[in-house]
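File shown here: upload.txt, holding compact mmCIF, C-alpha atoms.
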```
# COMPACT_ATOMS: atom_id res chain seq x y z
CA MET B 15 74.46 -18.81 49.58
CA ASP B 16 76.65 -20.94 47.28
CA ASP B 17 73.75 -21.21 44.80
CA MET B 18 73.32 -17.44 44.83
CA LYS B 19 77.04 -16.98 44.17
CA LYS B 20 76.80 -19.34 41.20
CA ASN B 21 73.73 -17.48 39.90
CA VAL B 22 75.47 -14.13 40.18
CA ALA B 23 78.58 -15.57 38.52
CA TRP B 24 76.70 -17.02 35.53
CA ASN B 25 74.53 -13.94 35.09
CA THR B 26 77.37 -11.48 35.52
CA PHE B 27 79.98 -13.27 33.43
CA GLY B 28 77.63 -13.92 30.53
CA SER B 29 76.16 -10.42 30.51
CA VAL B 30 79.52 -8.70 30.83
CA PHE B 31 81.00 -10.94 28.13
CA TYR B 32 78.20 -9.97 25.73
CA CYS B 33 78.60 -6.31 26.67
CA VAL B 34 82.35 -6.47 26.10
CA CYS B 35 81.76 -7.98 22.66
CA GLN B 36 79.36 -5.17 21.76
CA TRP B 37 81.85 -2.68 23.15
CA LEU B 38 84.66 -4.20 21.11
CA ILE B 39 82.82 -3.54 17.86
CA THR B 40 82.90 0.18 18.69
CA ILE B 41 86.68 -0.15 18.98
CA LEU B 42 87.11 -2.35 15.91
CA VAL B 43 85.13 0.02 13.69
CA VAL B 44 87.79 2.68 14.29
CA TRP B 45 90.65 0.25 13.65
CA LEU B 46 89.07 -1.25 10.53
CA ASP B 47 87.55 1.91 9.09
CA SER B 48 87.24 5.48 10.43
CA TYR B 49 85.68 7.78 13.01
CA GLY B 50 83.05 8.63 10.38
CA THR B 51 81.92 4.99 10.24
CA ALA B 52 82.14 4.89 14.04
CA GLY B 53 79.68 7.78 14.07
CA LYS B 54 77.27 5.81 11.85
CA LEU B 55 77.60 2.78 14.12
CA SER B 56 77.02 4.94 17.20
CA LEU B 57 73.93 6.45 15.58
CA ALA B 58 72.58 2.97 14.78
CA MET B 59 73.29 1.66 18.29
CA THR B 60 71.93 4.70 20.13
CA THR B 61 68.79 5.12 18.01
CA SER B 62 67.91 1.42 18.12
CA SER B 63 68.56 1.47 21.86
CA SER B 64 65.86 4.12 22.27
CA PHE B 65 63.31 1.93 20.47
CA SER B 66 64.57 -1.08 22.37
CA ALA B 67 62.63 0.45 25.25
CA ILE B 68 59.47 -0.32 23.25
CA SER B 69 60.47 -3.89 22.37
CA LEU B 70 61.52 -4.70 25.94
CA PHE B 71 58.54 -2.76 27.29
CA SER B 72 60.49 -2.62 30.56
CA MET B 73 58.76 -5.87 31.46
CA ARG B 74 61.69 -7.89 32.86
CA ASN B 75 61.62 -6.30 36.32
CA TYR B 76 57.84 -6.64 36.43
CA GLN B 77 58.12 -10.26 35.26
CA VAL B 78 60.71 -11.42 37.79
CA SER B 79 58.90 -9.64 40.63
CA ASP B 80 55.58 -11.32 39.64
CA LEU B 81 55.92 -13.87 42.43
CA LYS B 82 52.16 -14.58 42.57
CA GLY B 83 52.01 -15.69 38.91
CA GLU B 84 49.54 -13.03 37.85
CA TYR B 85 50.49 -13.64 34.21
CA SER B 86 51.59 -16.86 32.49
CA ALA B 87 54.83 -17.49 30.60
CA GLY B 88 52.90 -17.60 27.33
CA GLN B 89 51.35 -14.21 28.01
CA TYR B 90 54.75 -12.66 28.72
CA VAL B 91 56.28 -14.14 25.54
CA SER B 92 53.25 -13.27 23.37
CA SER B 93 53.30 -9.69 24.58
CA ARG B 94 57.00 -9.49 23.73
CA ILE B 95 56.31 -10.50 20.09
CA ILE B 96 53.77 -7.69 19.83
CA THR B 97 56.10 -5.09 21.33
CA CYS B 98 58.97 -6.16 19.05
CA ILE B 99 56.83 -5.64 15.95
CA GLY B 100 55.78 -2.22 17.23
CA ALA B 101 59.37 -1.28 18.04
CA VAL B 102 60.70 -2.15 14.57
CA LEU B 103 57.93 -0.26 12.79
CA SER B 104 58.36 2.78 15.04
CA CYS B 105 62.14 2.77 14.66
CA VAL B 106 61.99 2.62 10.86
CA ALA B 107 59.34 5.34 10.66
CA VAL B 108 61.12 7.78 12.97
CA SER B 109 64.52 7.13 11.35
CA MET B 110 63.12 7.82 7.87
CA PHE B 111 61.62 11.14 8.95
CA GLY B 112 64.71 12.14 10.92
CA ASN B 113 67.78 13.91 9.61
CA ASN B 114 69.35 10.64 8.40
CA THR B 115 70.55 9.40 5.02
CA PHE B 116 68.91 6.29 3.53
CA TYR B 117 72.08 4.30 4.27
CA GLU B 118 71.95 5.40 7.93
CA VAL B 119 68.27 4.38 8.13
CA LEU B 120 69.15 0.89 6.90
CA CYS B 121 72.01 0.62 9.43
CA ILE B 122 69.65 1.68 12.22
CA THR B 123 67.09 -0.91 11.07
CA ALA B 124 69.72 -3.66 10.97
CA PHE B 125 70.81 -2.92 14.52
CA MET B 126 67.16 -2.78 15.56
CA ILE B 127 66.95 -6.47 14.60
CA VAL B 128 69.77 -7.09 17.09
CA ARG B 129 67.63 -5.31 19.69
CA VAL B 130 64.68 -7.54 18.77
CA ALA B 131 66.83 -10.63 19.40
CA GLU B 132 67.84 -9.16 22.76
CA ALA B 133 64.18 -8.50 23.62
CA ILE B 134 63.09 -12.05 22.78
CA VAL B 135 65.95 -13.47 24.81
CA ASP B 136 65.15 -11.12 27.70
CA VAL B 137 61.61 -12.42 28.23
CA LEU B 138 62.83 -16.03 27.93
CA HIS B 139 65.51 -15.31 30.51
CA GLY B 140 62.78 -14.08 32.84
CA ILE B 141 61.33 -17.61 32.71
CA ASP B 142 64.81 -19.14 33.16
CA GLN B 143 65.29 -16.97 36.24
CA LYS B 144 62.04 -18.33 37.70
CA TYR B 145 63.58 -21.83 37.54
CA VAL B 146 66.96 -20.54 38.77
CA ARG B 147 68.65 -21.61 35.50
CA TYR B 148 71.22 -18.85 35.26
CA ASP B 149 73.51 -21.26 33.45
CA LEU B 150 71.19 -21.04 30.42
CA ILE B 151 71.22 -17.26 30.67
CA GLY B 152 75.01 -17.11 30.85
CA LYS B 153 75.49 -19.50 27.92
CA SER B 154 73.06 -17.51 25.77
CA TYR B 155 75.01 -14.31 26.36
CA ILE B 156 78.28 -16.06 25.55
CA ILE B 157 77.00 -17.54 22.28
CA ARG B 158 75.56 -14.23 21.10
CA GLY B 159 78.70 -12.41 22.16
CA ILE B 160 80.89 -14.72 20.08
CA PHE B 161 78.60 -14.37 17.06
CA THR B 162 78.57 -10.58 17.47
CA ILE B 163 82.32 -10.05 17.61
CA ALA B 164 83.13 -12.69 14.98
CA SER B 165 80.58 -11.50 12.41
CA PHE B 166 81.42 -7.82 12.89
CA SER B 167 85.20 -8.19 12.73
CA LEU B 168 85.14 -10.55 9.74
CA GLY B 169 82.46 -8.51 7.98
CA MET B 170 84.27 -5.19 8.30
CA TRP B 171 87.59 -6.80 7.36
CA LEU B 172 86.41 -8.78 4.35
CA ILE B 173 83.36 -6.86 3.08
CA LYS B 174 84.27 -3.40 4.42
CA ASP B 175 80.63 -2.32 4.47
CA LEU B 176 78.90 -1.43 7.73
CA LEU B 177 75.36 -2.18 6.56
CA ILE B 178 76.05 -5.69 5.26
CA THR B 179 78.09 -6.45 8.37
CA LEU B 180 75.26 -5.35 10.66
CA MET B 181 72.74 -7.41 8.68
CA ILE B 182 74.85 -10.57 9.14
CA MET B 183 75.33 -9.82 12.83
CA ALA B 184 71.59 -9.25 13.29
CA GLY B 185 70.73 -12.53 11.57
CA LEU B 186 73.08 -14.55 13.80
CA ASN B 187 71.72 -12.93 16.98
CA LEU B 188 68.14 -13.65 15.94
CA LEU B 189 69.08 -17.24 15.03
CA THR B 190 70.53 -17.76 18.52
CA ALA B 191 67.42 -16.34 20.19
CA ILE B 192 65.15 -18.78 18.32
CA GLY B 193 67.48 -21.76 17.90
CA TYR B 194 68.91 -21.83 21.44
CA ASP B 195 66.99 -19.74 23.98
CA TRP B 196 63.47 -20.50 22.74
CA ILE B 197 64.14 -24.25 22.70
CA GLN B 198 65.98 -24.41 26.04
CA THR B 199 63.39 -22.32 27.88
CA GLY B 200 60.57 -24.39 26.36
CA LYS B 201 62.06 -27.46 28.03
CA LEU B 202 61.65 -25.77 31.44
CA GLU B 203 58.07 -24.63 30.93
CA GLU B 204 55.80 -25.13 27.96
CA PHE B 205 54.16 -21.93 26.77
CA GLN B 206 51.65 -21.17 24.06
CA ILE B 207 51.74 -18.10 21.81
CA ASN B 208 48.39 -16.34 21.60
CA LEU B 209 48.60 -12.78 20.31
CA MET B 210 44.84 -12.32 20.77
CA ASP B 211 44.84 -13.14 24.51
CA GLN B 212 42.87 -10.33 26.18
CA LYS B 213 45.03 -10.53 29.28
CA ILE B 214 48.01 -9.30 27.23
CA ILE B 215 46.32 -5.90 26.98
CA LYS B 216 46.12 -5.77 30.78
CA LEU B 217 49.79 -6.75 31.06
CA LEU B 218 50.89 -4.12 28.55
CA ALA B 219 48.77 -1.52 30.33
CA ALA B 220 50.41 -2.41 33.65
CA CYS B 221 53.88 -1.99 32.12
CA GLY B 222 52.91 1.03 29.99
CA PRO B 223 54.18 3.67 32.43
CA ILE B 224 57.47 1.76 32.77
CA VAL B 225 58.08 1.69 29.03
CA ILE B 226 57.36 5.41 28.73
CA TYR B 227 59.84 5.98 31.55
CA SER B 228 62.47 3.82 29.81
CA PHE B 229 61.89 5.55 26.49
CA LEU B 230 62.32 9.00 28.04
CA LEU B 231 65.46 7.85 29.86
CA SER B 232 66.96 6.57 26.61
CA LEU B 233 66.07 9.87 24.92
CA GLU B 234 68.06 11.70 27.61
CA ASN B 235 71.04 9.84 26.15
CA LEU B 236 70.03 10.10 22.48
CA ILE B 237 69.02 13.76 22.21
CA PRO B 238 72.37 15.27 23.30
CA LYS B 239 74.26 12.93 20.93
CA THR B 240 71.92 13.70 18.03
CA LEU B 241 72.31 17.43 18.67
CA LEU B 242 76.11 17.04 18.78
CA LYS B 243 76.01 15.32 15.38
CA GLU B 244 73.80 18.03 13.86
CA MET B 245 75.84 20.92 15.28
CA TYR B 246 79.40 19.61 14.91
CA GLY B 247 79.26 16.65 12.51
CA GLU B 248 79.34 12.87 12.49
CA GLU B 249 83.07 12.63 13.19
CA GLN B 250 82.73 14.53 16.48
CA LEU B 251 79.99 12.11 17.52
CA GLY B 252 82.31 9.25 16.56
CA ILE B 253 85.09 10.65 18.77
CA TYR B 254 82.72 11.07 21.71
CA SER B 255 81.24 7.58 21.25
CA SER B 256 84.66 5.95 20.96
CA MET B 257 85.74 7.65 24.18
CA ALA B 258 82.55 6.43 25.87
CA SER B 259 82.74 2.82 24.69
CA PRO B 260 85.18 1.48 27.35
CA THR B 261 82.91 2.69 30.16
CA LEU B 262 79.84 0.66 29.17
CA VAL B 263 81.12 -2.49 30.84
CA VAL B 264 80.78 -0.83 34.27
CA GLN B 265 77.15 0.02 33.58
CA VAL B 266 76.21 -3.50 32.55
CA PHE B 267 78.25 -5.15 35.31
CA ALA B 268 76.45 -3.17 38.02
CA SER B 269 72.96 -3.89 36.70
CA VAL B 270 73.39 -7.61 35.96
CA ALA B 271 75.17 -8.28 39.26
CA PHE B 272 72.15 -6.83 41.06
CA ASN B 273 69.48 -8.59 38.95
CA PRO B 274 69.53 -12.00 40.76
CA PHE B 275 68.78 -10.21 44.06
CA LEU B 276 65.66 -8.39 42.81
CA PRO B 277 63.21 -11.23 43.64
CA ALA B 278 64.49 -11.15 47.25
CA PHE B 279 63.62 -7.45 47.50
CA SER B 280 60.15 -8.10 46.01
CA LEU B 281 59.50 -11.04 48.34
CA ALA B 282 60.49 -9.07 51.44
CA TYR B 283 58.22 -6.17 50.51
CA GLN B 284 55.23 -8.33 49.53
CA GLN B 285 55.49 -10.37 52.75
CA GLY B 286 55.57 -7.18 54.81
CA GLU B 287 59.17 -7.65 56.01
CA ILE B 288 59.84 -3.93 55.71
CA LYS B 289 62.73 -3.87 58.16
CA ARG B 290 64.52 -6.54 56.10
CA PHE B 291 63.78 -4.68 52.88
CA ARG B 292 65.15 -1.41 54.27
CA ASN B 293 68.30 -3.14 55.54
CA MET B 294 68.92 -4.65 52.11
CA PHE B 295 68.19 -1.31 50.47
CA HIS B 296 70.64 0.61 52.67
CA LYS B 297 73.32 -2.03 52.10
CA ALA B 298 72.73 -1.75 48.35
CA LEU B 299 73.15 2.03 48.53
CA ALA B 300 76.41 1.60 50.43
CA VAL B 301 77.71 -0.88 47.83
CA LEU B 302 76.68 1.42 44.98
CA GLY B 303 78.38 4.37 46.65
CA ALA B 304 81.59 2.38 47.06
CA MET B 305 81.34 1.32 43.39
CA CYS B 306 81.13 4.96 42.32
CA VAL B 307 84.30 5.82 44.22
CA LEU B 308 86.23 2.78 42.96
CA VAL B 309 85.25 3.28 39.32
CA THR B 310 86.18 6.96 39.47
CA LEU B 311 89.59 6.14 40.98
CA GLY B 312 90.10 3.40 38.39
CA GLY B 313 89.27 5.84 35.59
CA MET B 314 91.72 8.40 36.95
CA LEU B 315 94.54 5.87 37.36
CA LEU B 316 94.07 3.73 34.24
CA GLY B 317 92.07 5.90 31.84
CA ARG B 318 94.93 7.38 29.82
CA TRP B 319 96.77 4.07 29.64
CA GLY B 320 93.69 2.15 28.50
CA LEU B 321 92.62 4.70 25.90
CA ARG B 322 96.13 4.83 24.45
CA ILE B 323 96.14 1.04 24.03
CA LEU B 324 92.67 0.95 22.48
CA PHE B 325 92.82 3.94 20.14
CA GLY B 326 96.42 5.11 20.00
CA PRO B 327 98.00 8.30 21.38
CA ASP B 328 95.92 10.67 19.22
CA ILE B 329 92.78 9.95 21.27
CA LEU B 330 94.43 11.50 24.35
CA GLU B 331 93.84 15.02 23.06
CA HIS B 332 90.20 14.31 23.90
CA TYR B 333 90.94 12.85 27.33
CA TYR B 334 89.07 15.71 29.02
CA LEU B 335 85.87 13.91 27.91
CA PHE B 336 86.66 10.69 29.75
CA LEU B 337 85.83 11.26 33.43
CA PRO B 338 82.50 13.02 32.74
CA ILE B 339 81.56 10.04 30.53
CA VAL B 340 82.57 7.66 33.34
CA TRP B 341 80.26 9.52 35.71
CA CYS B 342 77.42 9.35 33.17
CA THR B 343 77.89 5.59 32.98
CA ILE B 344 77.92 5.12 36.75
CA LEU B 345 74.82 7.26 37.20
CA THR B 346 72.96 5.33 34.50
CA ALA B 347 73.73 2.08 36.30
CA LEU B 348 72.41 3.55 39.57
CA ILE B 349 69.18 4.59 37.84
CA TRP B 350 68.70 1.10 36.40
CA ILE B 351 69.08 -0.48 39.84
CA LEU B 352 66.97 2.03 41.79
CA SER B 353 64.20 2.02 39.19
CA SER B 354 64.09 -1.79 39.45
CA LEU B 355 63.38 -1.43 43.15
CA VAL B 356 60.66 1.15 42.52
CA VAL B 357 59.03 -1.30 40.08
CA ALA B 358 59.28 -4.05 42.70
CA LEU B 359 57.49 -1.69 45.11
CA ARG B 360 54.88 -1.19 42.35
CA LYS B 361 55.25 2.61 42.59
CA ILE B 362 55.24 2.78 38.81
CA LYS B 363 53.26 6.00 38.40
CA TRP B 364 55.76 7.83 40.61
CA LEU B 365 58.59 6.41 38.49
CA LEU B 366 57.07 7.93 35.36
CA ALA B 367 56.10 11.25 36.95
CA GLY B 368 59.66 11.89 38.08
CA MET B 369 61.13 10.93 34.71
CA ALA B 370 58.70 13.19 32.83
CA ALA B 371 59.85 16.20 34.87
CA ASP B 372 63.50 15.18 34.57
CA PHE B 373 63.20 14.75 30.80
CA LEU B 374 61.64 18.20 30.42
CA LEU B 375 64.59 19.76 32.26
CA CYS B 376 66.99 17.83 30.00
CA VAL B 377 65.27 19.06 26.82
CA LEU B 378 65.32 22.67 28.03
CA ALA B 379 69.00 22.54 28.98
CA VAL B 380 70.50 20.46 26.16
CA GLU B 381 70.90 23.01 23.35
CA PRO B 382 72.58 25.83 25.30
CA ILE B 383 74.88 23.41 27.14
CA VAL B 384 75.98 21.43 24.03
CA ASN B 385 76.38 24.72 22.15
CA ARG B 386 78.70 26.04 24.86
CA TYR B 387 80.64 22.91 25.86
CA GLU B 388 80.45 20.92 22.58
CA LYS B 389 81.28 17.21 23.17
CA ASN B 390 81.55 17.63 26.92
CA GLY B 391 78.11 19.23 26.89
CA VAL B 392 76.60 15.80 26.10
CA SER B 393 77.94 14.47 29.41
CA ILE B 394 77.13 17.60 31.43
CA VAL B 395 73.46 17.50 30.42
CA GLN B 396 73.15 13.84 31.35
CA ILE B 397 75.00 14.17 34.67
CA GLY B 398 72.71 16.96 35.81
CA ALA B 399 69.54 15.11 34.81
CA TYR B 400 70.67 11.77 36.24
CA VAL B 401 71.74 13.15 39.65
CA LEU B 402 68.36 14.81 40.14
CA TYR B 403 66.51 11.64 39.20
CA ILE B 404 68.63 9.40 41.44
CA ILE B 405 67.84 11.61 44.44
CA TYR B 406 64.17 11.40 43.51
CA LEU B 407 64.24 7.57 43.29
CA ILE B 408 65.94 7.23 46.68
CA VAL B 409 63.27 9.47 48.23
CA ILE B 410 60.50 7.35 46.68
CA CYS B 411 61.99 4.11 48.06
CA GLU B 412 62.50 5.58 51.51
CA ALA B 413 59.05 7.18 51.67
CA SER B 414 57.24 4.07 50.39
CA THR B 415 58.84 1.67 52.85
CA ARG B 416 58.52 4.09 55.77
CA LYS B 417 54.81 4.52 55.05
CA ARG B 418 54.30 0.76 54.77
CA LYS B 419 56.13 0.25 58.07
CA GLU B 420 53.97 2.84 59.85
CA ASN B 421 50.79 1.25 58.53
CA LYS B 422 51.66 -2.24 59.86
```

Would you write the structure of this file as structure tokens?
Amino acid sequence: MDDMKKNVAWNTFGSVFYCVCQWLITILVVWLDSYGTAGKLSLAMTTSSSFSAISLFSMRNYQVSDLKGEYSAGQYVSSRIITCIGAVLSCVAVSMFGNNTFYEVLCITAFMIVRVAEAIVDVLHGIDQKYVRYDLIGKSYIIRGIFTIASFSLGMWLIKDLLITLMIMAGLNLLTAIGYDWIQTGKLEEFQINLMDQKIIKLLAACGPIVIYSFLLSLENLIPKTLLKEMYGEEQLGIYSSMASPTLVVQVFASVAFNPFLPAFSLAYQQGEIKRFRNMFHKALAVLGAMCVLVTLGGMLLGRWGLRILFGPDILEHYYLFLPIVWCTILTALIWILSSLVVALRKIKWLLAGMAADFLLCVLAVEPIVNRYEKNGVSIVQIGAYVLYIIYLIVICEASTRKRKENK
């Protein structure tokens, strides 16, 4: 139990620290420049995040729940190199053909390199987790967090150019991934890179439905924001994104705190201990429900005070956006956790089927809702889509374990 507490502490502190540093750059960009530049940064972060689904290929949950060693460390890392190349090329192509200026395309590409560094680190952390070396994971997050906040703040202060700043930040993140994580993980387990390994195709095919699911989920976040920018301008997107930035820590905290427990869920299910799995699942739902209540109360009590400190009193005229954004963040965290369990149950096709239907509803609803409610419409669309999908995921988990229990 003490070891698990240490694992959770390292994983949570490091991840939250890195998230806070990324969040701080969304605050600093307003202090050091303008809401217009904040809109460009938000566009770069959100767009690259969508293509991050391709680079990550949603493989981490599959990797850490691969308790039988179906694929080797080298195959996981090799596949990640392939997906990162595909993600960068896709991101650049789509950004160039989108309604973006050339400068915005370059900013998006620069932040995509940050996402590539995150993807490389992610697969290496999957190996670290196998050896219960959460200290390496935590230290990696801390190093990259320091590089992120230092390079961004100094870059925007001294150079006063978003693109050059993002290029420096991307280079330092990539340097950490190769110079620290790759070397440290290699000491735990030697792995060979072979991009022509035929088994990689099988691995990518197994994770294919998960990456499509992740991509559609990220688009449910991107499409409303992109529509807001096109209908009401970059500054309105910057205001919305600045209001949303303080809430991201909750989302990351919930997901990373749960991550060390995922192998236990997988082990219980694979060994046929369905009663134990269901007990853990119901306890997790209770904890998540309590988290929702506490975060909402915290937002209501401290929201105005915190926003005033971060952005000044002028931001409070947009305070009506805050609680809906908080709820979006909480619901996203719940989806991350519940989808991880569905992957552990290997009900991947059901995961994708539900997301495809949910995404279609989001696309049909987004334009009329954003047109009517403007900035708040971005949150309303996501809340509706996320609630429906969360209910669906809970039903899948309950039905799958009940069926497995009856068949014993």

Problem - atom CA of Ile323 of chain B to atom CA of Phe125 of chain B, distance in Å rounded to a single decimal - result: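 Atom CA of Phe125 of chain B lies at a distance of 27.3 Å from atom CA of Ile323 of chain B.
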
Practice task
Excluding Ser92 of chain B and residues on its chain fewer than 6 positions from it, collect all residues at most 8 Å away from it, counting all atoms listed in the file, and give them as an NGL selection string.
Solution key: :B and (207-209 or 214)

Step by step, gather every atom of segment 399-406 of chain B that the file lists, find the box along x, y and z that holds them, add 5 Å on each side, and finally give centre and edge lengths in Å to one decimal, as AutoDock Vina command-line options.
```
--center_x 68.0 --center_y 12.3 --center_z 39.6 --size_x 17.6 --size_y 15.7 --size_z 19.6
```

Exercise for the section: Using only C-alpha atoms, pick whichever of B:Arg290, B:Lys54, B:Arg386, B:Lys213 has the shortest atom-to-atom distance to Thr115 of chain B. Expected result: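 For Thr115 of chain B, the nearest of the candidates is B:Lys54.
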
Exercise for the section: Take atom CA of Ala358 of chain B and atom CA of Gln89 of chain B and report the distance between them in Å, one decimal. Expected result: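 Separation of atom CA of Ala358 of chain B and atom CA of Gln89 of chain B: 19.5 Å.
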
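Minimum atom-to-atom distance to Thr190 of chain B, evaluated using all atoms listed in the file, belongs to B:Val128 out of B:Cys221, B:Val137, B:Val128, B:Met210.
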
Problem - Residues within 9 Å of Ile192 of chain B, all atoms listed in the file, excluding chain neighbours under 4 positions, as a list of chain:residue names - result: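 Surrounding residues, per the criterion: B:Ala131, B:Ile134, B:Val135, B:Asn187, B:Leu188, B:Trp196, B:Ile197.
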
7 Å contact set for Ile362 of chain B, all atoms listed in the file, chain neighbours under 4 positions out, as a short mmCIF file (atom, residue, chain, number, x, y, z; two decimals) with C-alpha atoms, in the coordinates of the input:
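File part.cif, as written:
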```
data_model
loop_
_atom_site.label_atom_id
_atom_site.label_comp_id
_atom_site.auth_asym_id
_atom_site.auth_seq_id
_atom_site.Cartn_x
_atom_site.Cartn_y
_atom_site.Cartn_z
CA PRO B 223 54.18 3.67 32.43
CA ILE B 224 57.47 1.76 32.77
CA VAL B 356 60.66 1.15 42.52
CA VAL B 357 59.03 -1.30 40.08
CA LEU B 366 57.07 7.93 35.36
#
```

Handout entry: Non-local contacts of Ser228 of chain B (10 Å; all atoms listed in the file; under 5 positions in same chain excluded) as a list in words
Key =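 Once the nearby chain positions are removed, what remains is Ser64, Phe65, Ser66, Ala67, Ile68, Leu70, Phe71, Ser72, Gly222, Pro223, Leu233, Glu234, Trp350, Ser353, Leu365, Leu366 and Met369 of chain B.
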
Practice task
Find the residues around Leu345 of chain B up to 8 Å (all atoms listed in the file counted), leave out those fewer than 3 positions away in its own chain, and share them as a list in words.
Solution key: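 Contacts, with the query itself left out: Trp341, Cys342, Leu348, Ile349, Ile397, Tyr400, Val401 and Ile404 of chain B.
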
Filtering to C-alpha atoms, could you give me those residues as a PDB file, in the frame of the given file?
```pdb
ATOM      1  CA  TRP B 341      80.260   9.520  35.710  1.00  0.00           C
ATOM      2  CA  CYS B 342      77.420   9.350  33.170  1.00  0.00           C
ATOM      3  CA  LEU B 348      72.410   3.550  39.570  1.00  0.00           C
ATOM      4  CA  ILE B 349      69.180   4.590  37.840  1.00  0.00           C
ATOM      5  CA  ILE B 397      75.000  14.170  34.670  1.00  0.00           C
ATOM      6  CA  TYR B 400      70.670  11.770  36.240  1.00  0.00           C
ATOM      7  CA  VAL B 401      71.740  13.150  39.650  1.00  0.00           C
ATOM      8  CA  ILE B 404      68.630   9.400  41.440  1.00  0.00           C
TER       9      ILE B 404
END
```

Exercise for the section: Would you mind telling me which residue in B:Ala164, B:Leu81, B:Val395, B:Met257 lies nearest to Leu375 of chain B when using all atoms listed in the file? Expected result: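 Selected residue with least distance to Leu375 of chain B: B:Val395.
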
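Residue nearest Met183 of chain B within the list B:Leu218, B:Ile151, B:Ala124, B:Ile99: B:Ala124 [criterion: smallest interatomic distance, only C-alpha atoms].
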
Handout entry: Shortest interatomic distance to Met305 of chain B - which of B:Val340, B:Thr123, B:Glu287, B:Ala282, counting all atoms listed in the file
Key = B:Val340

Filled-in N, CA, C and O atoms of segment 173-185 of chain B, supplied as a PDB file, in the frame of the given file:
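Heads up, here's the output in rebuild-v9.pdb:
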```pdb
ATOM      1  N   ILE B 173      84.350  -7.544   3.922  1.00  0.00           N
ATOM      2  CA  ILE B 173      83.360  -6.860   3.080  1.00  0.00           C
ATOM      3  C   ILE B 173      83.561  -5.350   3.091  1.00  0.00           C
ATOM      4  O   ILE B 173      83.312  -4.666   2.100  1.00  0.00           O
ATOM      5  N   LYS B 174      84.003  -4.837   4.253  1.00  0.00           N
ATOM      6  CA  LYS B 174      84.270  -3.400   4.420  1.00  0.00           C
ATOM      7  C   LYS B 174      83.016  -2.559   4.150  1.00  0.00           C
ATOM      8  O   LYS B 174      83.089  -1.477   3.564  1.00  0.00           O
ATOM      9  N   ASP B 175      81.879  -3.068   4.583  1.00  0.00           N
ATOM     10  CA  ASP B 175      80.630  -2.320   4.470  1.00  0.00           C
ATOM     11  C   ASP B 175      79.847  -2.486   5.760  1.00  0.00           C
ATOM     12  O   ASP B 175      79.528  -3.622   6.161  1.00  0.00           O
ATOM     13  N   LEU B 176      79.546  -1.375   6.420  1.00  0.00           N
ATOM     14  CA  LEU B 176      78.900  -1.430   7.730  1.00  0.00           C
ATOM     15  C   LEU B 176      77.519  -2.046   7.655  1.00  0.00           C
ATOM     16  O   LEU B 176      77.151  -2.871   8.502  1.00  0.00           O
ATOM     17  N   LEU B 177      76.734  -1.682   6.655  1.00  0.00           N
ATOM     18  CA  LEU B 177      75.360  -2.180   6.560  1.00  0.00           C
ATOM     19  C   LEU B 177      75.312  -3.689   6.412  1.00  0.00           C
ATOM     20  O   LEU B 177      74.582  -4.369   7.157  1.00  0.00           O
ATOM     21  N   ILE B 178      76.063  -4.235   5.470  1.00  0.00           N
ATOM     22  CA  ILE B 178      76.050  -5.690   5.260  1.00  0.00           C
ATOM     23  C   ILE B 178      76.538  -6.416   6.501  1.00  0.00           C
ATOM     24  O   ILE B 178      75.994  -7.451   6.901  1.00  0.00           O
ATOM     25  N   THR B 179      77.562  -5.851   7.140  1.00  0.00           N
ATOM     26  CA  THR B 179      78.090  -6.450   8.370  1.00  0.00           C
ATOM     27  C   THR B 179      77.029  -6.495   9.461  1.00  0.00           C
ATOM     28  O   THR B 179      76.853  -7.516  10.142  1.00  0.00           O
ATOM     29  N   LEU B 180      76.294  -5.392   9.635  1.00  0.00           N
ATOM     30  CA  LEU B 180      75.260  -5.350  10.660  1.00  0.00           C
ATOM     31  C   LEU B 180      74.111  -6.300  10.340  1.00  0.00           C
ATOM     32  O   LEU B 180      73.519  -6.892  11.253  1.00  0.00           O
ATOM     33  N   MET B 181      73.797  -6.480   9.064  1.00  0.00           N
ATOM     34  CA  MET B 181      72.740  -7.410   8.680  1.00  0.00           C
ATOM     35  C   MET B 181      73.124  -8.854   9.031  1.00  0.00           C
ATOM     36  O   MET B 181      72.300  -9.622   9.531  1.00  0.00           O
ATOM     37  N   ILE B 182      74.380  -9.214   8.785  1.00  0.00           N
ATOM     38  CA  ILE B 182      74.850 -10.570   9.140  1.00  0.00           C
ATOM     39  C   ILE B 182      74.825 -10.751  10.657  1.00  0.00           C
ATOM     40  O   ILE B 182      74.362 -11.781  11.170  1.00  0.00           O
ATOM     41  N   MET B 183      75.305  -9.757  11.374  1.00  0.00           N
ATOM     42  CA  MET B 183      75.330  -9.820  12.830  1.00  0.00           C
ATOM     43  C   MET B 183      73.921  -9.949  13.397  1.00  0.00           C
ATOM     44  O   MET B 183      73.672 -10.739  14.322  1.00  0.00           O
ATOM     45  N   ALA B 184      72.981  -9.197  12.834  1.00  0.00           N
ATOM     46  CA  ALA B 184      71.590  -9.250  13.290  1.00  0.00           C
ATOM     47  C   ALA B 184      70.993 -10.641  13.061  1.00  0.00           C
ATOM     48  O   ALA B 184      70.304 -11.191  13.933  1.00  0.00           O
ATOM     49  N   GLY B 185      71.263 -11.209  11.880  1.00  0.00           N
ATOM     50  CA  GLY B 185      70.730 -12.530  11.570  1.00  0.00           C
ATOM     51  C   GLY B 185      71.230 -13.601  12.525  1.00  0.00           C
ATOM     52  O   GLY B 185      70.458 -14.462  12.974  1.00  0.00           O
TER      53      GLY B 185
END
```
